[in-house]
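Trainee: Just one file: entry.txt, with compact mmCIF, C-alpha atoms.
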```
# COMPACT_ATOMS: atom_id res chain seq x y z
CA MET A 129 79.45 143.37 116.23
CA ILE A 130 81.79 141.50 113.85
CA SER A 131 84.77 140.02 115.65
CA PRO A 132 87.82 139.64 113.35
CA ILE A 133 89.72 137.79 116.11
CA ASN A 134 87.20 134.96 116.12
CA ALA A 135 87.38 134.77 112.34
CA LEU A 136 91.17 134.58 112.50
CA LEU A 137 91.01 131.91 115.21
CA PHE A 138 88.64 129.90 113.02
CA ILE A 139 90.94 130.16 110.00
CA ILE A 140 93.95 129.00 112.03
CA LEU A 141 92.40 126.41 114.37
CA ALA A 142 89.59 124.88 112.31
CA PRO A 143 91.80 122.60 110.16
CA PHE A 144 93.37 121.13 113.30
CA ILE A 145 90.02 120.61 115.01
CA GLY A 146 88.44 119.29 111.81
CA GLY A 147 91.31 116.87 111.22
CA LEU A 148 91.21 115.62 114.80
CA VAL A 149 87.44 115.12 114.61
CA ALA A 150 87.93 113.18 111.36
CA GLY A 151 90.63 111.07 113.06
CA MET A 152 88.38 110.30 116.03
CA ASP A 153 85.56 109.53 113.62
CA ARG A 154 87.69 106.91 111.86
CA LYS A 155 88.90 105.46 115.15
CA VAL A 156 85.38 105.14 116.59
CA THR A 157 84.09 103.71 113.30
CA ALA A 158 86.85 101.07 113.36
CA ARG A 159 86.06 100.16 116.98
CA MET A 160 82.39 99.76 116.08
CA GLN A 161 83.42 97.29 113.37
CA GLY A 162 85.68 95.36 115.75
CA ARG A 163 88.87 96.78 114.24
CA ILE A 164 91.71 98.72 115.86
CA GLY A 165 91.64 101.46 113.28
CA PRO A 166 94.18 104.01 112.06
CA PRO A 167 96.14 106.37 114.33
CA LEU A 168 94.29 109.46 115.56
CA LEU A 169 96.42 111.71 113.33
CA GLN A 170 95.75 109.64 110.20
CA PRO A 171 93.78 112.40 108.38
CA PHE A 172 96.82 114.70 108.71
CA TYR A 173 99.12 111.98 107.30
CA ASP A 174 96.69 111.53 104.41
CA VAL A 175 96.57 115.21 103.53
CA GLY A 176 100.35 115.54 104.05
CA LYS A 177 100.84 112.71 101.59
CA LEU A 178 98.43 114.20 99.06
CA PHE A 179 100.55 117.35 98.97
CA GLN A 180 103.65 115.22 98.23
CA LYS A 181 102.00 113.57 95.24
CA GLU A 182 102.11 114.60 91.62
CA GLN A 183 99.16 116.74 90.55
CA ILE A 184 97.49 115.45 87.42
CA LEU A 185 95.50 118.30 85.92
CA VAL A 186 92.71 117.22 83.64
CA THR A 187 91.97 120.85 82.83
CA PRO A 188 93.49 123.99 84.39
CA SER A 189 90.08 125.41 85.37
CA GLN A 190 89.76 122.59 87.95
CA ASN A 191 92.45 124.31 89.97
CA PHE A 192 90.54 127.58 90.02
CA TYR A 193 87.24 125.94 91.02
CA ILE A 194 88.75 123.90 93.83
CA LEU A 195 90.65 126.89 95.19
CA SER A 196 87.38 128.87 95.10
CA TYR A 197 85.64 126.02 96.92
CA LEU A 198 88.23 126.16 99.69
CA VAL A 199 88.22 129.97 99.86
CA PHE A 200 84.43 130.26 100.07
CA ILE A 201 84.12 127.50 102.67
CA VAL A 202 86.75 129.29 104.79
CA ALA A 203 85.05 132.66 104.18
CA SER A 204 81.60 131.40 105.16
CA GLY A 205 82.97 129.70 108.29
CA ALA A 206 85.01 132.76 109.25
CA LEU A 207 81.96 135.02 108.80
CA PHE A 208 79.90 132.66 110.94
CA PHE A 209 82.39 132.59 113.81
CA ALA A 210 82.90 136.34 113.53
CA GLY A 211 79.19 136.73 114.30
CA GLY A 212 78.08 137.79 110.83
CA ASP A 213 74.78 137.54 109.02
CA LEU A 214 73.58 133.93 108.96
CA LEU A 215 71.93 134.32 105.56
CA LEU A 216 75.15 135.61 104.00
CA VAL A 217 77.02 132.70 105.62
CA ILE A 218 74.59 130.19 104.12
CA PHE A 219 74.74 131.76 100.66
CA ALA A 220 78.57 131.77 100.67
CA PHE A 221 78.45 128.16 101.87
CA THR A 222 76.17 127.17 98.98
CA LEU A 223 78.32 129.04 96.48
CA ALA A 224 81.35 127.07 97.72
CA HIS A 225 79.62 123.81 96.90
CA ILE A 226 78.58 125.10 93.50
CA PHE A 227 82.31 125.62 92.83
CA LEU A 228 82.97 122.01 93.82
CA VAL A 229 80.29 120.86 91.37
CA LEU A 230 81.75 123.08 88.63
CA GLY A 231 85.20 121.61 89.35
CA ALA A 232 83.80 118.12 88.85
CA TYR A 233 81.99 119.18 85.67
CA ALA A 234 85.16 120.81 84.30
CA SER A 235 86.76 117.45 83.56
CA TYR A 236 85.09 115.46 80.83
CA SER A 237 84.77 112.29 82.86
CA PRO A 238 81.49 110.37 83.12
CA TYR A 239 82.24 109.33 86.72
CA SER A 240 82.98 112.87 87.73
CA PHE A 241 79.76 113.99 85.98
CA ILE A 242 77.64 111.52 87.94
CA GLY A 243 79.32 112.67 91.14
CA ALA A 244 78.63 116.31 90.24
CA GLU A 245 74.95 115.59 89.50
CA ARG A 246 74.58 113.78 92.81
CA GLU A 247 76.28 116.63 94.63
CA LEU A 248 73.72 119.00 93.05
CA ILE A 249 70.89 116.74 94.23
CA GLN A 250 72.38 116.81 97.72
CA ILE A 251 72.54 120.61 97.64
CA ILE A 252 68.88 120.71 96.56
CA ALA A 253 68.06 118.29 99.38
CA TYR A 254 69.73 120.08 102.29
CA GLU A 255 69.47 123.72 101.29
CA PRO A 256 65.79 124.34 102.30
CA MET A 257 66.36 122.86 105.76
CA ILE A 258 69.43 125.00 106.40
CA ILE A 259 67.49 128.13 105.39
CA LEU A 260 64.60 127.01 107.63
CA SER A 261 67.05 126.72 110.54
CA ALA A 262 68.19 130.29 110.00
CA VAL A 263 64.55 131.48 109.72
CA GLY A 264 63.69 129.61 112.93
CA MET A 265 66.54 131.28 114.78
CA HIS A 266 65.34 134.63 113.45
CA MET A 267 61.78 133.98 114.65
CA VAL A 268 63.02 133.35 118.17
CA THR A 269 65.78 135.95 118.48
CA ARG A 270 64.56 138.55 115.92
CA SER A 271 67.98 138.67 114.28
CA PHE A 272 69.90 136.90 111.54
CA PHE A 273 73.24 137.90 113.06
CA VAL A 274 75.12 135.07 114.76
CA SER A 275 76.43 137.50 117.38
CA ASP A 276 72.83 138.53 118.29
CA ILE A 277 71.68 134.91 118.38
CA MET A 278 74.54 134.12 120.75
CA ALA A 279 73.78 137.22 122.85
CA ALA A 280 70.05 136.41 123.04
CA ASP A 281 70.93 133.81 125.67
CA LEU A 282 67.79 131.79 124.89
CA PRO A 283 67.66 127.98 124.93
CA LEU A 284 66.91 127.78 121.19
CA ILE A 285 66.63 124.02 121.32
CA PHE A 286 63.40 124.31 123.37
CA TYR A 287 61.90 126.71 120.83
CA LEU A 288 63.12 124.80 117.79
CA PRO A 289 63.16 121.06 118.50
CA GLY A 290 61.63 120.21 115.10
CA VAL A 291 64.04 122.46 113.27
CA PHE A 292 66.91 120.87 115.18
CA LEU A 293 65.83 117.33 114.24
CA GLY A 294 65.46 118.42 110.61
CA PHE A 295 68.92 119.98 110.75
CA LEU A 296 70.37 116.73 112.12
CA MET A 297 68.90 114.93 109.14
CA VAL A 298 70.58 117.18 106.59
CA LEU A 299 73.75 117.16 108.70
CA THR A 300 74.15 113.52 107.66
CA ILE A 301 74.19 114.68 104.04
CA LYS A 302 76.66 117.43 104.81
CA LEU A 303 79.06 115.20 106.74
CA ARG A 304 79.02 112.81 103.75
CA LYS A 305 77.78 109.94 105.84
CA SER A 306 75.59 106.94 105.07
CA PRO A 307 72.70 106.70 104.17
CA PHE A 308 73.04 109.99 102.26
CA ASP A 309 76.65 109.80 100.97
CA LEU A 310 75.60 109.90 97.33
CA SER A 311 78.21 112.06 95.69
CA THR A 312 81.30 110.81 97.51
CA SER A 313 81.97 109.03 100.77
CA HIS A 314 84.74 108.28 103.22
CA HIS A 315 84.37 104.57 102.70
CA ALA A 316 85.88 102.73 99.78
CA HIS A 317 83.68 101.26 97.08
CA GLN A 318 80.48 103.01 97.98
CA GLU A 319 80.08 105.21 94.95
CA ILE A 320 80.79 105.16 91.25
CA VAL A 321 84.61 105.27 91.26
CA LYS A 322 84.92 108.20 93.69
CA GLY A 323 82.02 110.38 92.65
CA VAL A 324 82.60 114.10 92.71
CA THR A 325 86.30 113.79 93.65
CA THR A 326 87.17 111.23 90.93
CA GLU A 327 89.20 113.61 88.80
CA PHE A 328 91.01 115.40 91.62
CA SER A 329 94.39 114.02 92.56
CA GLY A 330 97.33 114.94 94.77
CA PRO A 331 97.37 118.47 96.21
CA MET A 332 93.98 119.27 94.68
CA LEU A 333 92.35 116.42 96.58
CA GLY A 334 94.22 117.64 99.66
CA ARG A 335 92.51 121.02 99.28
CA VAL A 336 89.10 119.35 98.99
CA GLU A 337 89.87 117.42 102.18
CA ILE A 338 90.93 120.56 104.09
CA ALA A 339 87.80 122.37 102.90
CA HIS A 340 85.78 119.46 104.27
CA TRP A 341 87.44 119.89 107.68
CA TYR A 342 86.58 123.60 107.71
CA GLU A 343 83.05 122.72 106.68
CA ASN A 344 82.63 120.20 109.50
CA VAL A 345 83.80 122.69 112.12
CA PHE A 346 81.37 125.27 110.73
CA LEU A 347 78.51 122.74 110.92
CA LEU A 348 79.40 121.84 114.51
CA GLY A 349 79.34 125.58 115.21
CA PHE A 350 75.84 125.72 113.75
CA ILE A 351 74.69 122.98 116.14
CA TYR A 352 76.30 124.90 118.99
CA LEU A 353 73.94 127.82 118.26
CA PHE A 354 70.95 125.70 119.32
CA PHE A 355 72.53 125.20 122.75
CA ALA A 356 74.42 128.49 123.00
CA TRP A 357 72.86 129.52 126.31
CA ASN A 358 74.88 126.89 128.17
CA PRO A 359 78.35 125.95 126.86
CA LEU A 360 78.50 122.74 128.93
CA VAL A 361 75.20 121.44 127.56
CA ALA A 362 76.34 122.52 124.10
CA ALA A 363 79.59 120.53 124.40
CA ILE A 364 77.71 117.40 125.53
CA ALA A 365 75.17 117.88 122.73
CA LEU A 366 77.95 118.19 120.14
CA VAL A 367 79.55 114.93 121.29
CA ILE A 368 76.20 113.10 121.31
CA VAL A 369 75.24 114.44 117.88
CA TYR A 370 78.54 113.40 116.34
CA LEU A 371 78.46 109.94 117.92
CA LEU A 372 74.89 109.55 116.66
CA GLU A 373 76.07 110.44 113.16
CA ILE A 374 78.79 107.77 113.37
CA VAL A 375 76.27 105.16 114.55
CA VAL A 376 73.91 106.05 111.70
CA ASP A 377 76.84 105.95 109.27
CA ASN A 378 77.75 102.44 110.36
CA THR A 379 74.27 100.95 110.56
CA PHE A 380 72.54 102.25 107.45
CA SER A 381 73.08 101.26 103.87
CA ARG A 382 73.03 103.96 101.27
CA VAL A 383 69.66 105.09 99.89
CA THR A 384 68.77 106.23 96.38
CA TRP A 385 68.79 109.91 95.43
CA GLN A 386 64.97 109.93 95.29
CA MET A 387 64.85 108.70 98.87
CA THR A 388 67.42 111.33 99.88
CA LEU A 389 65.29 114.09 98.38
CA LYS A 390 62.07 112.76 99.88
CA SER A 391 63.45 112.26 103.37
CA SER A 392 65.14 115.63 103.51
CA TRP A 393 62.23 117.58 102.00
CA ILE A 394 59.21 115.74 103.37
CA ILE A 395 60.43 114.58 106.77
CA ALA A 396 63.04 117.21 107.66
CA GLY A 397 61.14 120.00 105.89
CA MET A 398 57.88 119.06 107.62
CA LEU A 399 59.53 118.94 111.04
CA GLY A 400 60.97 122.39 110.39
CA LEU A 401 57.81 123.95 108.92
CA VAL A 402 55.48 122.59 111.63
CA ASN A 403 57.89 123.87 114.24
CA LEU A 404 57.93 127.31 112.65
CA GLY A 405 54.11 127.27 112.32
CA ILE A 406 53.66 126.56 116.01
CA LEU A 407 56.16 129.29 116.89
CA TYR A 408 54.27 131.75 114.67
CA TYR A 409 50.95 130.79 116.27
CA LEU A 410 52.34 131.08 119.79
CA SER A 411 53.90 134.46 119.11
CA ALA A 412 50.46 135.67 117.95
CA VAL A 413 48.60 134.24 120.96
CA VAL A 414 51.00 134.58 123.85
CA PRO A 415 51.77 138.20 124.74
CA LYS A 416 55.46 139.03 125.07
CA MET B 184 108.76 107.59 107.98
CA THR B 185 107.16 110.38 106.03
CA TYR B 186 103.54 111.05 105.18
CA LEU B 187 103.77 108.91 102.07
CA SER B 188 104.55 105.65 103.86
CA ARG B 189 102.03 106.41 106.59
CA SER B 190 99.12 106.74 104.22
CA PRO B 191 99.36 104.34 101.28
CA TRP B 192 96.11 104.13 99.35
CA ILE B 193 95.68 100.93 97.41
CA LEU B 194 94.08 100.20 94.09
CA HIS B 195 93.30 96.53 93.65
CA TYR B 196 92.95 95.17 90.12
CA ASP B 197 92.06 91.60 89.23
CA ALA B 198 93.91 90.96 85.96
CA SER B 199 92.98 87.34 85.24
CA SER B 200 93.09 85.87 88.70
CA CYS B 201 91.03 82.84 89.73
CA ASN B 202 89.73 85.07 92.60
CA GLY B 203 91.74 83.14 95.18
CA CYS B 204 94.25 85.96 95.69
CA ASP B 205 91.47 88.59 95.49
CA ILE B 206 89.70 87.03 98.44
CA GLU B 207 92.98 87.11 100.37
CA VAL B 208 93.55 90.77 99.44
CA LEU B 209 90.10 91.68 100.73
CA ALA B 210 90.71 89.56 103.84
CA CYS B 211 93.47 92.05 104.73
CA LEU B 212 90.75 94.70 105.22
CA SER B 213 88.74 92.50 107.58
CA PRO B 214 88.83 93.02 111.36
CA LEU B 215 91.34 90.14 111.76
CA TYR B 216 94.12 91.82 109.74
CA ASP B 217 92.77 95.41 109.67
CA VAL B 218 95.30 97.07 107.37
CA GLU B 219 93.73 100.46 108.09
CA ARG B 220 95.97 100.35 111.20
CA PHE B 221 98.80 101.32 108.82
CA GLY B 222 96.67 103.97 107.12
CA ILE B 223 96.06 101.66 104.18
CA ILE B 224 92.80 102.39 102.39
CA ASN B 225 91.35 100.43 99.50
CA THR B 226 90.34 103.05 96.96
CA GLY B 227 88.53 102.41 93.69
CA ASN B 228 90.14 105.29 91.85
CA PRO B 229 93.60 105.15 90.19
CA LYS B 230 93.98 108.93 90.55
CA HIS B 231 93.87 108.60 94.34
CA ALA B 232 96.05 105.49 94.59
CA ASP B 233 99.71 105.10 95.61
CA VAL B 234 100.02 101.33 95.46
CA LEU B 235 98.68 99.22 92.59
CA VAL B 236 97.97 95.69 93.81
CA ILE B 237 97.45 93.29 90.90
CA THR B 238 96.39 89.67 91.12
CA GLY B 239 96.49 87.27 88.19
CA GLY B 240 98.51 87.30 85.00
CA ILE B 241 98.35 89.41 81.87
CA ASN B 242 96.28 88.22 78.93
CA GLU B 243 95.49 89.84 75.61
CA GLN B 244 92.26 91.32 76.99
CA ASN B 245 93.64 93.17 80.01
CA ARG B 246 97.02 94.26 78.64
CA GLU B 247 95.73 97.73 77.70
CA VAL B 248 93.66 98.02 80.86
CA VAL B 249 96.63 97.42 83.19
CA ARG B 250 98.76 99.90 81.22
CA ASN B 251 95.93 102.46 81.33
CA ILE B 252 95.39 102.12 85.09
CA TYR B 253 99.13 102.42 85.73
CA ASP B 254 99.39 105.56 83.59
CA GLN B 255 96.51 107.21 85.43
CA MET B 256 98.17 106.93 88.84
CA PRO B 257 100.05 110.05 89.99
CA ASP B 258 103.75 109.69 90.89
CA PRO B 259 105.29 108.41 93.11
CA LYS B 260 103.63 105.01 92.72
CA VAL B 261 104.53 101.35 93.22
CA VAL B 262 103.20 98.08 91.86
CA VAL B 263 102.78 94.94 93.95
CA ALA B 264 102.18 91.68 92.06
CA VAL B 265 100.22 89.39 94.38
CA GLY B 266 100.23 85.64 93.77
CA ILE B 267 102.31 83.45 91.50
CA CYS B 268 100.16 84.23 88.43
CA ALA B 269 100.86 87.94 88.80
CA CYS B 270 104.57 87.21 89.32
CA THR B 271 105.19 84.85 86.40
CA GLY B 272 101.90 83.73 84.88
CA GLY B 273 101.84 80.67 87.15
CA VAL B 274 100.12 77.54 85.91
CA PHE B 275 98.48 79.58 83.16
CA ARG B 276 101.71 80.80 81.56
CA GLU B 277 101.57 78.20 78.76
CA CYS B 278 97.98 79.12 77.83
CA TYR B 279 97.52 80.48 74.31
CA ASN B 280 95.93 83.72 75.57
CA VAL B 281 98.24 84.42 78.52
CA VAL B 282 101.18 86.77 78.05
CA GLY B 283 102.84 86.18 81.44
CA GLY B 284 103.38 88.07 84.70
CA ILE B 285 102.47 91.70 85.30
CA ASP B 286 106.06 92.77 84.56
CA CYS B 287 105.48 92.06 80.83
CA VAL B 288 103.45 95.28 80.70
CA ILE B 289 104.39 97.57 83.59
CA PRO B 290 107.36 97.71 86.00
CA VAL B 291 106.68 95.67 89.16
CA ASP B 292 108.36 96.68 92.43
CA VAL B 293 107.40 93.86 94.81
CA TYR B 294 106.58 90.24 94.01
CA VAL B 295 104.42 88.38 96.53
CA PRO B 296 104.52 84.63 95.77
CA GLY B 297 101.93 82.07 96.83
CA CYS B 298 98.86 80.30 95.49
CA ALA B 299 96.86 81.87 96.94
CA ALA B 300 99.11 84.43 98.64
CA ARG B 301 98.46 84.54 102.39
CA PRO B 302 97.15 87.81 103.88
CA GLU B 303 100.29 87.98 106.06
CA SER B 304 102.57 87.86 103.02
CA ILE B 305 100.38 90.38 101.15
CA ILE B 306 100.68 92.80 104.07
CA ASP B 307 104.44 92.13 104.20
CA GLY B 308 104.67 92.83 100.47
CA ILE B 309 102.81 96.11 100.78
CA VAL B 310 104.95 97.21 103.74
CA ARG B 311 108.05 96.47 101.63
CA ALA B 312 106.50 98.44 98.79
CA LEU B 313 106.30 101.44 101.11
CA SER B 314 110.09 101.68 101.38
CA VAL B 315 110.27 101.54 97.57
CA LEU B 316 107.65 104.30 97.47
CA GLU B 317 109.81 106.33 99.84
CA GLU B 318 112.90 105.83 97.64
CA LYS B 319 110.97 106.90 94.57
CA ARG B 320 109.77 110.04 96.28
CA ALA B 321 113.36 110.95 97.29
CA LYS B 322 114.54 110.27 93.74
CA GLY B 323 111.66 112.26 92.26
CA ARG B 324 112.55 115.22 94.47
CA ASP B 325 116.21 115.04 93.35
CA ALA B 326 115.12 114.92 89.72
CA THR B 327 112.92 117.98 90.20
CA ALA B 328 115.79 119.79 91.90
CA THR B 329 118.08 118.90 88.98
CA VAL B 330 115.58 120.29 86.50
CA ALA B 331 115.29 123.44 88.62
CA ARG B 332 119.06 123.84 88.58
CA GLY B 333 119.05 123.69 84.79
CA GLY B 334 119.25 119.94 84.21
CA GLU B 335 122.92 119.35 85.12
```
Just give me the structure as structure tokens.
Mentor:
Amino acid sequence: MISPINALLFIILAPFIGGLVAGMDRKVTARMQGRIGPPLLQPFYDVGKLFQKEQILVTPSQNFYILSYLVFIVASGALFFAGGDLLLVIFAFTLAHIFLVLGAYASYSPYSFIGAERELIQIIAYEPMIILSAVGMHMVTRSFFVSDIMAADLPLIFYLPGVFLGFLMVLTIKLRKSPFDLSTSHHAHQEIVKGVTTEFSGPMLGRVEIAHWYENVFLLGFIYLFFAWNPLVAAIALVIVYLLEIVVDNTFSRVTWQMTLKSSWIIAGMLGLVNLGILYYLSAVVPK
Amino acid sequence: MTYLSRSPWILHYDASSCNGCDIEVLACLSPLYDVERFGIINTGNPKHADVLVITGGINEQNREVVRNIYDQMPDPKVVVAVGICACTGGVFRECYNVVGGIDCVIPVDVYVPGCAARPESIIDGIVRALSVLEEKRAKGRDATATVARGGE
């Protein structure tokens, strides 16, 4: 059931795909603002540079936390693509972000602290919706295993439209895009100094960046699950979803943390819960 | 060209500028000049920056601040003094509270003259700073190698 080859492919290919997606993101963003924008490979130049810089350690434990962040992001993504248990994937994914928060808390910097607190708020905001997505997939396919969900060959999007919309909402938080880029963002001067990454420099920041690439590929994989019955539709959906995220990023100003919590719990959570309620009702009424 | 000169991240600090040069620095980020074409990003964090762009001269108030920002930046790093005040103190150099140009406090690598400096000359200054950055990286690597060999 678990496919180690897929996991290995993810570990090797995901940074390249994630970096390219980030490069396209920046290019498209620049075009939307009437600029030419950086080269497509700019994210790779950035990370390459970060590894050539001096590493200023505020405290040695930072190193451990950031390495753990990277390792757990890679592990959760690898488990996902190997077809593992979705719940385990989500828990490993959450743990990874807790390590990032601990890394930010490890340095006694007020800016880093604010970033860490905001990252925690973001985790609180998106976590219920991600769990709801997994529960929704279980209600339809009767399995938490990614391999079973893939093999079910059901158009999940038609069963779970509300869950999907809710997931899109928290995806904006996860991709660190406006209006929910509270803890740190890709754009300059949008947060207090640089939020959660303030105290990471050089190679350490490079590791955070690579972890973010892995994370993005994993999230795109999660969206793929909703459309898994037809790879062509899935590919089109992925492109549309990502373009939509870029449009939202460029047209919305940042909201407060209260608004982030409310919109991801009340709106996204409601969409998800109502969707699951209807599914539950239908499964009781309609005979299999 | 290595990664370093393809991805210079800038930290902009207004020492005691009249804001004229600051507006020109920010104009470089606008769609007309679009410095992100060269991978240049304006970051607000000294720990992420490679190039320190300073406008305005040093006075008694910001002396420590400039020193502090410079010390927080990881090596290799370069400093670009933008505008005549940052280069020499400009018309303010005789003022009782003004110390002089940025080079009174920290080493400056590129001087961009002008009042206010034009965006074209600021971009030119930063591009020149990149070759200095590259030199520093090569030197830094040699120094590390020397230490590794036992400090000959």
Trainee: Kindly provide, as a list in words, the residues of chain B having any atom no farther than 6 Å from an atom of chain A, counting only C-alpha atoms.
Mentor: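 On the chain B side, the interface is Tyr186, Leu187, Ser190, Pro214, Glu219, Arg220, Gly222, Asn225, Thr226, Gly227, Asn228, Lys230, His231, Pro257 and Asp258 of chain B.
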Trainee: Near region 205-221 of chain A, counting only C-alpha atoms, which residues have an atom at most 6 Å away, once you skip same-chain residues fewer than 4 positions from it, shown as a list in words?
Mentor: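 Selected residues are Ile130, Ser131, Pro132, Asn134, Ala135, Phe138, Ile201, Phe272, Phe273, Val274, Ser275 and Phe346 of chain A.
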Trainee: Considering only C-alpha atoms, can you say which of B:Asp233, B:Ala198, B:Asn280, B:Ile267 comes closest to Arg250 (chain B)?
Mentor: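 Checking each candidate against Arg250 (chain B), we get B:Ala198 as the closest.
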Trainee: Skipping near chain neighbours, those fewer than 2 positions away, what residues fall within 9 Å of region 223-235 of chain A using only C-alpha atoms, listed as number ranges by chain?
Mentor: A: 186-201, 204, 218-221, 237-238, 240-241, 243-245, 247-248, 251, 323-328, 336
Trainee: Restricting the calculation to all atoms listed in the file, which member of B:Gly272, B:Pro259, B:Pro290, B:Gly203 is positioned closest to Pro302 (chain B)?
Mentor: B:Gly203
Trainee: Show which residues sit within 9 Å of Gly283 (chain B), as an NGL selection string. Count only C-alpha atoms, and ignore same-chain residues fewer than 5 positions away.
Mentor: :B and (240-242 or 268-273 or 275-277)
Trainee: Separation of CA of Asn202 (chain B) and CA of Arg311 (chain B), in Å?
Mentor: 23.4 Å
